[in-house]
Amino acid sequence: MEKLKIKVIGAGSIGCHLSHAARTQDWNVSIYDRDQAAISRAQNLIFPNRYGSWDSGIKVIDSKQNQGEVFDVVFIGTPPNSHIEIAKNQIEQSPPKILVIEKPLSEPGLGDYAELRKIAAANDVRLLVGYNHRLTKSTVAAVEQLRFNPIGNPVTIRSLTRENWGGILAAHPWISGPEDTYLGYLAQGGGALFEHSHATNIFQYFAEIIGAGKISHVSCEMDIVERSGMRYDQITQLSVRTESGLLGLIVQDVVTKPSKKWLRIEGTQGFLEWDVKGNYDTVTLDNQENRTSSCIQFSKNRPDDFIPEMLHIKELIKSPNQESPIDIIKAIETTLVLNAAIESARTGTRISVSYNV
């Protein structure tokens, strides 16, 4: 296979992670940002601090340089409220084989999902969204554990992504606070609900794996912060019911220190825990019926979180018709639940989730 040609739109934190991960595969990477200051930060601050030095193999391009240039894969790593429009423009100008939008898919609302999918289908572009926890070694191992070491009938799932603003801001030292970016504005795709939507997405993934179906109903409460022009949820709690009747809990916040990314499936014969930490992930399975237990640990660092995403894309290039855990339809389902959560918190009522989009 020839080296893939990769374009990364957005030279911020996520754009650098994606560029670096793509370069570990020896792919030809080009990065674009309309803000020259962002390019300078990537070259002189982010890359040296994270990976040792700027990778001179990454080509910096401007909008005029790459007009009409065809890439195999395009990554969009810009603020959420720009994702859909940039994706449509990119496909119309120069459609890649695969286009990957960073999570969350967009800001609250339905946006132009239908139009984007229509344009992508017309140009034979595969759409993915970067909920990459679905692809990590720990998640793959957890799925295998559930398949070969059953914990009985599932009773409930609890999923948490709880991380203080400080952890996010430490990775963005050029930002003084959430007010400087979309993070402090729920309407732009920030706040705990959208920024930490990995918790909702991974809940949906494991619910699917154990046969619990989609989330059908949401009851949500939010702790809203309004200051300095910002409006965001610092704590959001979702009580959800799935199509099978399983009752679950999803908690996302931007106040917890140290951070906690964790999911537990409780069954009639035991439990499975999936725990994501900075330097390692763990998967613990306990089958009380058979009196067996196991705990598998996976060493890693933050850049490693993006490598499985690149390996998955490599497989999709080889076999375009295979299913993907990060297909855009999965992200749309997550966004629909997030939208239902906002409506539930606003009205104080239980909301039914409709997937007819």
# chains A, B, ... in the order shown; residues from 1 in each chain; ligands from 1
$ residues_around --residues "segment 12-15 of chain A" --least-positions-apart "4" --cutoff "12 Å" --atoms "only C-alpha atoms" --output "ChimeraX atom specification"
/A:6-8,19-22,29-43,45-47,49-50,58,74-79,100-103,130,168-175,181,302-303,305-306
$ residues_around --residues "Thr161 of chain A" --least-positions-apart "5" --cutoff "8 Å" --atoms "only C-alpha atoms" --output "JSON, numbers by chain"
{"A": [196, 197, 198, 199, 251, 252, 253, 259, 260, 261, 262]}
$ atom_distance --atom1 "atom CA of Glu243 of chain A" --atom2 "atom CA of Ile342 of chain A"
20.3 Å
$ select_by_dssp --residues "segment 123-213 of chain A" --states "strand (DSSP E or B)" --output "list in words"
Arg126, Leu127, Leu128, Val129, Pro154, Val155, Thr156, Ile157, Arg158, Ser159, Leu160, Thr161, Arg162 and Tyr185 of chain A
$ residues_around --residues "Ile235 of chain A" --least-positions-apart "3" --cutoff "8 Å" --atoms "only C-alpha atoms" --output "VMD selection string"
chain A and resid 192 to 193 222 to 224 251 to 255
$ write_last_selection --atoms "C-alpha atoms" --output "JSON list (two decimals), in the first residue's frame"
[["chain", "number", "residue", "atom", "x", "y", "z"],
["A", 192, "ALA", "CA", -19.48, 19.02, 30.56],
["A", 193, "LEU", "CA", -22.28, 17.55, 28.42],
["A", 222, "MET", "CA", -27.59, 20.15, 35.05],
["A", 223, "ASP", "CA", -25.62, 22.48, 37.28],
["A", 224, "ILE", "CA", -25.35, 25.56, 35.05],
["A", 251, "VAL", "CA", -22.27, 11.53, 34.86],
["A", 252, "GLN", "CA", -20.10, 14.17, 33.20],
["A", 253, "ASP", "CA", -18.48, 17.15, 34.91],
["A", 254, "VAL", "CA", -15.66, 19.69, 34.68],
["A", 255, "VAL", "CA", -14.98, 19.92, 38.44]]
$ closest_residue --among "A:Met310, A:Leu285, A:Thr292, A:Ala122" --to "Asp26 of chain A" --atoms "only C-alpha atoms"
A:Met310
$ closest_residue --among "A:Ser324, A:Ser352, A:Ser82, A:Gln288" --to "Leu135 of chain A" --atoms "only C-alpha atoms"
A:Ser324
$ closest_residue --among "A:Thr282, A:Leu316, A:Arg241, A:Asn321" --to "Val353 of chain A" --atoms "only C-alpha atoms"
A:Arg241
$ closest_residue --among "A:Phe203, A:Pro178, A:Ser299, A:Val276" --to "Ser228 of chain A" --atoms "only C-alpha atoms"
A:Pro178
$ residues_around --residues "Ile332 of chain A" --least-positions-apart "5" --cutoff "9 Å" --atoms "only C-alpha atoms" --output "tab-separated table (two decimals) with N, CA and C atoms, in the first residue's frame"
chain	number	residue	atom	x	y	z
A	105	LEU	N	-19.64	15.74	17.60
A	105	LEU	CA	-19.94	15.94	16.19
A	105	LEU	C	-20.24	17.40	15.87
A	110	LEU	N	-29.73	19.71	15.80
A	110	LEU	CA	-29.56	18.69	14.75
A	110	LEU	C	-28.61	19.13	13.66
A	113	TYR	N	-26.83	17.51	9.65
A	113	TYR	CA	-26.35	16.14	9.55
A	113	TYR	C	-26.83	15.47	8.27
A	337	VAL	N	-28.97	11.96	22.03
A	337	VAL	CA	-29.13	11.78	23.48
A	337	VAL	C	-28.73	13.06	24.22
A	355	TYR	N	-34.73	8.54	16.99
A	355	TYR	CA	-33.57	8.37	16.12
A	355	TYR	C	-33.94	8.53	14.65
A	357	VAL	N	-33.76	10.65	12.00
A	357	VAL	CA	-33.14	11.87	11.48
A	357	VAL	C	-32.63	11.61	10.06
$ select_by_dssp --residues "segment 203-311 of chain A" --states "helix (DSSP H, G or I)" --output "ChimeraX atom specification"
/A:203-209,302-311
$ write_last_selection --atoms "N, CA and C atoms" --output "PDB file, in the first residue's frame"
ATOM      1  N   PHE A 203     -21.057   4.547  26.937  1.00  0.00           N
ATOM      2  CA  PHE A 203     -22.233   3.881  27.501  1.00  0.00           C
ATOM      3  C   PHE A 203     -23.028   3.237  26.372  1.00  0.00           C
ATOM      4  N   GLN A 204     -23.282   4.006  25.312  1.00  0.00           N
ATOM      5  CA  GLN A 204     -24.057   3.488  24.185  1.00  0.00           C
ATOM      6  C   GLN A 204     -23.369   2.295  23.541  1.00  0.00           C
ATOM      7  N   TYR A 205     -22.050   2.350  23.455  1.00  0.00           N
ATOM      8  CA  TYR A 205     -21.306   1.267  22.815  1.00  0.00           C
ATOM      9  C   TYR A 205     -21.459  -0.030  23.605  1.00  0.00           C
ATOM     10  N   PHE A 206     -21.234   0.038  24.914  1.00  0.00           N
ATOM     11  CA  PHE A 206     -21.335  -1.177  25.718  1.00  0.00           C
ATOM     12  C   PHE A 206     -22.780  -1.655  25.846  1.00  0.00           C
ATOM     13  N   ALA A 207     -23.734  -0.732  25.861  1.00  0.00           N
ATOM     14  CA  ALA A 207     -25.144  -1.135  25.866  1.00  0.00           C
ATOM     15  C   ALA A 207     -25.465  -1.943  24.617  1.00  0.00           C
ATOM     16  N   GLU A 208     -24.898  -1.529  23.499  1.00  0.00           N
ATOM     17  CA  GLU A 208     -25.077  -2.259  22.240  1.00  0.00           C
ATOM     18  C   GLU A 208     -24.430  -3.631  22.316  1.00  0.00           C
ATOM     19  N   ILE A 209     -23.219  -3.704  22.880  1.00  0.00           N
ATOM     20  CA  ILE A 209     -22.478  -4.959  22.974  1.00  0.00           C
ATOM     21  C   ILE A 209     -23.236  -5.992  23.800  1.00  0.00           C
ATOM     22  N   ARG A 302      -0.803   9.663  26.749  1.00  0.00           N
ATOM     23  CA  ARG A 302      -1.877  10.359  26.051  1.00  0.00           C
ATOM     24  C   ARG A 302      -1.771  10.229  24.526  1.00  0.00           C
ATOM     25  N   PRO A 303      -0.603  10.405  23.910  1.00  0.00           N
ATOM     26  CA  PRO A 303      -0.525  10.231  22.458  1.00  0.00           C
ATOM     27  C   PRO A 303      -0.948   8.842  21.989  1.00  0.00           C
ATOM     28  N   ASP A 304      -0.739   7.821  22.852  1.00  0.00           N
ATOM     29  CA  ASP A 304      -1.110   6.460  22.474  1.00  0.00           C
ATOM     30  C   ASP A 304      -2.614   6.301  22.249  1.00  0.00           C
ATOM     31  N   ASP A 305      -3.427   7.184  22.852  1.00  0.00           N
ATOM     32  CA  ASP A 305      -4.878   7.077  22.712  1.00  0.00           C
ATOM     33  C   ASP A 305      -5.332   7.204  21.259  1.00  0.00           C
ATOM     34  N   PHE A 306      -4.501   7.827  20.418  1.00  0.00           N
ATOM     35  CA  PHE A 306      -4.900   8.104  19.039  1.00  0.00           C
ATOM     36  C   PHE A 306      -4.364   7.078  18.038  1.00  0.00           C
ATOM     37  N   ILE A 307      -3.444   6.222  18.473  1.00  0.00           N
ATOM     38  CA  ILE A 307      -2.861   5.238  17.563  1.00  0.00           C
ATOM     39  C   ILE A 307      -3.903   4.228  17.070  1.00  0.00           C
ATOM     40  N   PRO A 308      -4.748   3.657  17.953  1.00  0.00           N
ATOM     41  CA  PRO A 308      -5.749   2.710  17.448  1.00  0.00           C
ATOM     42  C   PRO A 308      -6.685   3.314  16.402  1.00  0.00           C
ATOM     43  N   GLU A 309      -6.937   4.606  16.511  1.00  0.00           N
ATOM     44  CA  GLU A 309      -7.764   5.289  15.519  1.00  0.00           C
ATOM     45  C   GLU A 309      -7.097   5.234  14.148  1.00  0.00           C
ATOM     46  N   MET A 310      -5.781   5.437  14.119  1.00  0.00           N
ATOM     47  CA  MET A 310      -5.052   5.388  12.855  1.00  0.00           C
ATOM     48  C   MET A 310      -5.015   3.965  12.292  1.00  0.00           C
ATOM     49  N   LEU A 311      -4.829   2.982  13.156  1.00  0.00           N
ATOM     50  CA  LEU A 311      -4.814   1.590  12.705  1.00  0.00           C
ATOM     51  C   LEU A 311      -6.178   1.189  12.153  1.00  0.00           C
TER      52      LEU A 311
END
